[in-house]
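Engineer: Here it is, the structure in full.
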Amino acid sequence: MTDVRLTLNTTVPTDCTQVGRWQFWIDRGGTFTDIVAQRPDGSTCVHKLLSENPERYIDAPIQGIRELMGIEEGEPIPSEKIAVVKMGTTVATNALLERKGDHYLGGNFASERYRDR
């Protein structure tokens, strides 16, 4: 599967402390990780990659940030060039809804008041 990149012709409003630095909003799902980024020049772009692709990378959000910033594997990500990274995920929520979440929880939740029957 190839990565999909789409450049938007819009500018996301930002306060003056964020100007000149990257901003990332990431949604990590079970299949895909979607990233909306605002470049230092104020333009925005969208990047999509597989959430799991161990042959290419260990962590999809980090890989997406690397690709958008043009940083080679093994090079450090320059944190001083990043204003914000906000990330949400539906992985654990979906696993619970599909009753496949036991490995996400790491055990059972119980209290004295609500015992197993």
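Naming scheme: A, B, ... for chains in displayed order of the structure tokens; residues 1 onward per chain; ligands 1 onward as shown.
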List the neighbours of Lys86 of chain A out to 7 Å using only C-alpha atoms; skip same-chain residues closer than 6 positions along the sequence, and give me the result as a PDB file with N, CA, C and O atoms, in the first residue's frame.
Structural biologist:
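In the end it all went to part.pdb:
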```
ATOM      1  N   PHE A  24       1.042  19.196  14.507  1.00  0.00           N
ATOM      2  CA  PHE A  24       0.534  17.906  14.043  1.00  0.00           C
ATOM      3  C   PHE A  24      -0.699  17.508  14.849  1.00  0.00           C
ATOM      4  O   PHE A  24      -0.709  17.610  16.072  1.00  0.00           O
ATOM      5  N   TRP A  25      -1.729  17.042  14.134  1.00  0.00           N
ATOM      6  CA  TRP A  25      -2.930  16.461  14.746  1.00  0.00           C
ATOM      7  C   TRP A  25      -3.048  15.070  14.166  1.00  0.00           C
ATOM      8  O   TRP A  25      -3.170  14.886  12.944  1.00  0.00           O
ATOM      9  N   ILE A  26      -3.015  14.046  15.034  1.00  0.00           N
ATOM     10  CA  ILE A  26      -2.896  12.659  14.601  1.00  0.00           C
ATOM     11  C   ILE A  26      -4.057  11.831  15.136  1.00  0.00           C
ATOM     12  O   ILE A  26      -4.398  11.913  16.311  1.00  0.00           O
TER      13      ILE A  26
END
```
Engineer: If you measure from atom CA of Thr89 of chain A to atom CA of Gly30 of chain A, what distance in Å do you get, rounded to one decimal?
Structural biologist: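 Answer for the atom CA of Thr89 of chain A to atom CA of Gly30 of chain A separation: 8.5 Å.
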Engineer: Using only C-alpha atoms for the distances, tell me which of A:Val84, A:Gln23, A:Pro54, A:Ile35 is nearest to Glu67 of chain A.
Structural biologist: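 Looking at the shortest contact to Glu67 of chain A, the residue is A:Ile35.
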Engineer: Hey, which of A:Thr33, A:Ser79, A:Asn53, A:Gln38 ends up closest to Val91 of chain A? Count only C-alpha atoms.
Structural biologist: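 Among the listed residues, A:Thr33 lies closest to Val91 of chain A.
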